[in-house]
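S.K.: One structure, pasted below without further comment.
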Amino acid sequence: DTEVIQTPKHLVMGMTNKKSLKCEQHMGHRAMYWYKQKAKKPPELMFVYSYEKLSINESVPSRFSPECPNSSLLNLHLHALQPEDSALYLCASSQDLIEAFFGQGTRLTVV
Amino acid sequence: AQSVTQLDSQVPVFEEAPVELRCNYSSSVSVYLFWYVQYPNQGLQLLLKYLSGSTLVESINGFEAEFNKSQTSFHLRKPSVHISDTAEYFCAVSDYGTDKLIFGTGTRLQVFP
């Protein structure tokens with residue numbers, strides 16, 4: 001199984017809402033990532049977890065809060081987002097960065 | 001820090017014609033290089049990768065890329081494109097020993113019949 005599963009596929013939320021994005025992989029990969037991708041732009045790295053510990057935070061605003069409950073799961077908790085946070089959020093996993101597997105993404109719209 | 005440059009934001013080409021998508025990276029001691037493809041409203045799929053060894057790497061669907069250390073390039077080529085190759089292509093680089101994958105700005109390949 002080489003799949004990274006992201007849920008939900010689409011999410012519409014208000015600026016006062018709290019929601020979570022979920023990511024799951026069962027490849028035994030030690031690293032998991034969150035990327036943000038705006039339309040017609042490349043993915044931008046947000047967070048990296050390595051062995052369930054946060055190893056990289058690319059100066060992401062605190063309204064985005066990552067969580068890694070176990071080696072297979074990665075969450076991104078969202079609170080008080082702004083319309084400019086609307087984007088495709090991609091999760092990826094990798095054992096040693098030789099090959100990163102990406103999920104299909106969650107299309108987030110903040111209204 | 002590593003950076004990646006994709007000089008062409010769009011490449012229009014007719015079906016069955018050859019194509020080259022250009023990618024240059026900033027110099028480093030050791031790098032891993034990748035090409036990812038993204039179809040509309042989908043995630044990224046790894047197309048091919050260079051880690052070490054042979055400088056010419058190939059994918060299963062006819063694409064190939066050549067690592068050129070002296071020119072710090074990793075251009076993607078296909079001798080004959082299909083309509084189904086229409087997609088966004090991202091070149092990416094990682095520094096050996098880091099967890100960061102740095103993407104170029106992408107090249108939109110549009111194949112016309």
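In the structure tokens, each chain is lettered A, B, ... as it comes, each chain's residues begin at 1, and ligands are numbered from 1 in order of appearance.
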Running DSSP on the backbone, which parts of region 7-101 of chain B land in strand (DSSP E or B), as a ChimeraX atom specification?
M.R.: /B:10-14,19-21,24-25,31-38,44-50,56-58,64-68,73-78,87-95
S.K.: Dump C-alpha atoms for the selected residues as a PDB file, in the first residue's frame?
M.R.:
ATOM      1  CA  GLN B  10       4.253  27.281 -19.912  1.00  0.00           C
ATOM      2  CA  VAL B  11       5.280  24.979 -22.749  1.00  0.00           C
ATOM      3  CA  PRO B  12       2.745  24.479 -25.551  1.00  0.00           C
ATOM      4  CA  VAL B  13       3.465  21.591 -27.910  1.00  0.00           C
ATOM      5  CA  PHE B  14       1.645  19.509 -30.491  1.00  0.00           C
ATOM      6  CA  VAL B  19       9.516  18.381 -25.483  1.00  0.00           C
ATOM      7  CA  GLU B  20      12.078  19.582 -22.965  1.00  0.00           C
ATOM      8  CA  LEU B  21      11.213  21.151 -19.617  1.00  0.00           C
ATOM      9  CA  ASN B  24      18.308  24.379 -12.806  1.00  0.00           C
ATOM     10  CA  TYR B  25      19.239  24.130  -9.151  1.00  0.00           C
ATOM     11  CA  VAL B  31      21.612  16.785  -3.888  1.00  0.00           C
ATOM     12  CA  TYR B  32      18.723  14.557  -4.714  1.00  0.00           C
ATOM     13  CA  LEU B  33      16.694  15.727  -7.722  1.00  0.00           C
ATOM     14  CA  PHE B  34      13.109  14.951  -8.606  1.00  0.00           C
ATOM     15  CA  TRP B  35      10.433  15.626 -11.171  1.00  0.00           C
ATOM     16  CA  TYR B  36       6.831  15.530  -9.980  1.00  0.00           C
ATOM     17  CA  VAL B  37       3.696  15.752 -12.127  1.00  0.00           C
ATOM     18  CA  GLN B  38       0.389  17.208 -10.979  1.00  0.00           C
ATOM     19  CA  LEU B  44       1.724  15.250  -6.836  1.00  0.00           C
ATOM     20  CA  GLN B  45       3.061  12.055  -8.368  1.00  0.00           C
ATOM     21  CA  LEU B  46       6.753  11.283  -8.536  1.00  0.00           C
ATOM     22  CA  LEU B  47       7.811  11.012 -12.171  1.00  0.00           C
ATOM     23  CA  LEU B  48      11.503  10.244 -11.744  1.00  0.00           C
ATOM     24  CA  LYS B  49      14.420  10.871  -9.423  1.00  0.00           C
ATOM     25  CA  TYR B  50      18.183  11.198  -9.432  1.00  0.00           C
ATOM     26  CA  LEU B  56      20.297   9.632 -17.154  1.00  0.00           C
ATOM     27  CA  VAL B  57      17.154   8.506 -15.385  1.00  0.00           C
ATOM     28  CA  GLU B  58      13.982   7.267 -17.004  1.00  0.00           C
ATOM     29  CA  GLU B  64      13.749  10.941 -19.056  1.00  0.00           C
ATOM     30  CA  ALA B  65      15.940  13.471 -17.275  1.00  0.00           C
ATOM     31  CA  GLU B  66      19.655  14.022 -17.292  1.00  0.00           C
ATOM     32  CA  PHE B  67      21.641  15.219 -14.319  1.00  0.00           C
ATOM     33  CA  ASN B  68      24.345  17.656 -15.376  1.00  0.00           C
ATOM     34  CA  SER B  73      20.654  21.203 -14.457  1.00  0.00           C
ATOM     35  CA  PHE B  74      18.128  18.392 -14.466  1.00  0.00           C
ATOM     36  CA  HIS B  75      16.077  18.891 -17.629  1.00  0.00           C
ATOM     37  CA  LEU B  76      13.094  16.671 -18.391  1.00  0.00           C
ATOM     38  CA  ARG B  77      12.575  15.335 -21.906  1.00  0.00           C
ATOM     39  CA  LYS B  78      10.158  13.203 -23.827  1.00  0.00           C
ATOM     40  CA  ALA B  87      -0.234  18.657 -16.634  1.00  0.00           C
ATOM     41  CA  GLU B  88       1.885  20.788 -14.322  1.00  0.00           C
ATOM     42  CA  TYR B  89       5.444  19.570 -13.867  1.00  0.00           C
ATOM     43  CA  PHE B  90       7.522  20.482 -10.824  1.00  0.00           C
ATOM     44  CA  CYS B  91      11.237  20.046 -10.446  1.00  0.00           C
ATOM     45  CA  ALA B  92      12.363  19.583  -6.848  1.00  0.00           C
ATOM     46  CA  VAL B  93      15.609  19.293  -4.943  1.00  0.00           C
ATOM     47  CA  SER B  94      16.589  18.219  -1.485  1.00  0.00           C
ATOM     48  CA  ASP B  95      19.800  18.742   0.359  1.00  0.00           C
TER      49      ASP B  95
END
S.K.: Just the residues within 10 Å of Leu88 (chain A), please, counting only C-alpha atoms, with nothing from its chain fewer than 4 positions along; format it as a PyMOL selection string.
M.R.: (chain A and resi 9-10+35-39+43+104-109) or (chain B and resi 41-43)
S.K.: To one decimal in Å, tell me the separation between CA of Ser93 (chain A) and CA of Cys68 (chain A).
M.R.: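 Those two atoms sit 12.3 Å apart.
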S.K.: Could you check which of A:Val12, A:Gln6, A:Gly103, A:Leu21 is closest to Leu78 (chain A), using only C-alpha atoms?
M.R.: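 Between A:Val12, A:Gln6, A:Gly103, A:Leu21, the residue approaching Leu78 (chain A) most closely is A:Leu21.
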S.K.: Compute the set of chain A residues within 10 Å of chain B, using only C-alpha atoms, and express it as a compact mmCIF listing (two decimals) with N, CA, C and O atoms, in the first residue's frame.
M.R.:
# COMPACT_ATOMS: atom_id res chain seq x y z
N VAL A 4 -1.20 7.69 0.43
CA VAL A 4 -1.37 8.66 1.50
C VAL A 4 -2.81 9.16 1.38
O VAL A 4 -3.21 9.67 0.33
N ALA A 31 8.82 10.06 8.25
CA ALA A 31 8.62 11.51 8.11
C ALA A 31 7.27 11.79 7.45
O ALA A 31 6.88 11.11 6.50
N MET A 32 6.58 12.82 7.96
CA MET A 32 5.32 13.26 7.38
C MET A 32 5.34 14.77 7.28
O MET A 32 5.94 15.46 8.12
N TYR A 33 4.68 15.28 6.24
CA TYR A 33 4.78 16.68 5.89
C TYR A 33 3.41 17.29 5.61
O TYR A 33 2.52 16.62 5.11
N LYS A 40 -1.83 27.78 -9.13
CA LYS A 40 -0.76 28.05 -10.09
C LYS A 40 0.58 28.35 -9.42
O LYS A 40 1.43 29.06 -9.97
N LYS A 41 0.77 27.83 -8.22
CA LYS A 41 2.02 28.00 -7.47
C LYS A 41 2.55 26.64 -7.05
O LYS A 41 1.81 25.67 -6.99
N PRO A 42 3.84 26.56 -6.72
CA PRO A 42 4.37 25.29 -6.22
C PRO A 42 3.96 25.06 -4.77
O PRO A 42 3.59 26.03 -4.07
N PRO A 43 4.04 23.84 -4.31
CA PRO A 43 3.76 23.58 -2.89
C PRO A 43 4.79 24.27 -2.01
O PRO A 43 5.98 24.32 -2.33
N GLU A 44 4.31 24.80 -0.90
CA GLU A 44 5.19 25.43 0.09
C GLU A 44 5.18 24.60 1.36
O GLU A 44 4.12 24.30 1.91
N LEU A 45 6.35 24.28 1.83
CA LEU A 45 6.46 23.46 3.03
C LEU A 45 5.95 24.24 4.25
O LEU A 45 6.28 25.42 4.44
N PHE A 47 5.15 22.19 7.63
CA PHE A 47 5.65 21.44 8.80
C PHE A 47 6.23 20.11 8.35
O PHE A 47 5.79 19.52 7.37
N VAL A 48 7.20 19.64 9.15
CA VAL A 48 7.74 18.30 8.99
C VAL A 48 7.77 17.62 10.33
O VAL A 48 8.22 18.21 11.33
N TYR A 49 7.26 16.41 10.37
CA TYR A 49 7.39 15.55 11.55
C TYR A 49 8.32 14.41 11.21
O TYR A 49 8.19 13.77 10.16
N SER A 50 9.24 14.15 12.11
CA SER A 50 10.15 13.03 11.94
C SER A 50 10.09 12.18 13.20
O SER A 50 10.31 12.71 14.30
N SER A 55 9.91 18.52 13.51
CA SER A 55 11.31 18.83 13.24
C SER A 55 11.48 20.13 12.47
O SER A 55 12.53 20.77 12.55
N ILE A 56 10.47 20.51 11.70
CA ILE A 56 10.55 21.75 10.94
C ILE A 56 9.20 22.47 11.00
O ILE A 56 8.16 21.86 10.78
N LEU A 88 -4.95 24.50 -1.54
CA LEU A 88 -4.90 23.04 -1.51
C LEU A 88 -3.84 22.65 -0.48
O LEU A 88 -2.69 23.11 -0.56
N TYR A 89 -4.23 21.86 0.51
CA TYR A 89 -3.30 21.43 1.53
C TYR A 89 -2.92 19.98 1.26
O TYR A 89 -3.77 19.09 1.21
N LEU A 90 -1.64 19.78 1.09
CA LEU A 90 -1.11 18.48 0.71
C LEU A 90 -0.34 17.86 1.86
O LEU A 90 0.47 18.53 2.51
N CYS A 91 -0.58 16.60 2.07
CA CYS A 91 0.17 15.81 3.04
C CYS A 91 1.10 14.88 2.25
O CYS A 91 0.76 14.42 1.15
N ALA A 92 2.26 14.63 2.80
CA ALA A 92 3.19 13.70 2.16
C ALA A 92 3.91 12.89 3.23
O ALA A 92 3.96 13.30 4.40
N SER A 94 7.48 10.15 3.77
CA SER A 94 8.73 9.67 3.18
C SER A 94 9.51 8.90 4.24
O SER A 94 9.46 9.24 5.42
N ASP A 96 13.00 8.37 3.78
CA ASP A 96 14.31 9.03 3.88
C ASP A 96 14.47 10.08 2.81
O ASP A 96 15.58 10.41 2.42
N LEU A 97 13.35 10.63 2.35
CA LEU A 97 13.29 11.67 1.35
C LEU A 97 13.78 11.19 -0.02
O LEU A 97 13.92 11.98 -0.93
N ILE A 98 14.05 9.91 -0.16
CA ILE A 98 14.38 9.41 -1.48
C ILE A 98 13.14 9.39 -2.35
O ILE A 98 13.20 9.62 -3.54
N GLU A 99 12.02 9.12 -1.78
CA GLU A 99 10.77 9.22 -2.52
C GLU A 99 9.67 9.68 -1.58
O GLU A 99 9.35 8.99 -0.61
N ALA A 100 9.09 10.83 -1.84
CA ALA A 100 7.99 11.36 -1.03
C ALA A 100 6.69 11.04 -1.72
O ALA A 100 6.52 11.28 -2.92
N PHE A 101 5.75 10.48 -0.98
CA PHE A 101 4.44 10.12 -1.50
C PHE A 101 3.44 11.19 -1.04
O PHE A 101 3.36 11.50 0.16
N PHE A 102 2.70 11.72 -1.98
CA PHE A 102 1.74 12.78 -1.68
C PHE A 102 0.32 12.25 -1.71
O PHE A 102 -0.02 11.37 -2.51
N GLY A 103 -0.51 12.82 -0.84
CA GLY A 103 -1.93 12.56 -0.90
C GLY A 103 -2.57 13.42 -1.98
O GLY A 103 -1.89 14.23 -2.63
N GLN A 104 -3.89 13.25 -2.15
CA GLN A 104 -4.62 13.99 -3.18
C GLN A 104 -4.95 15.41 -2.75
O GLN A 104 -5.38 16.23 -3.55
N GLY A 105 -4.76 15.68 -1.46
CA GLY A 105 -4.97 17.03 -0.99
C GLY A 105 -6.37 17.31 -0.47
O GLY A 105 -7.32 16.60 -0.78
N THR A 106 -6.46 18.34 0.35
CA THR A 106 -7.75 18.89 0.81
C THR A 106 -7.87 20.29 0.25
O THR A 106 -7.00 21.13 0.50
N ARG A 107 -8.93 20.51 -0.50
CA ARG A 107 -9.19 21.85 -1.05
C ARG A 107 -9.95 22.64 0.01
O ARG A 107 -11.10 22.34 0.32
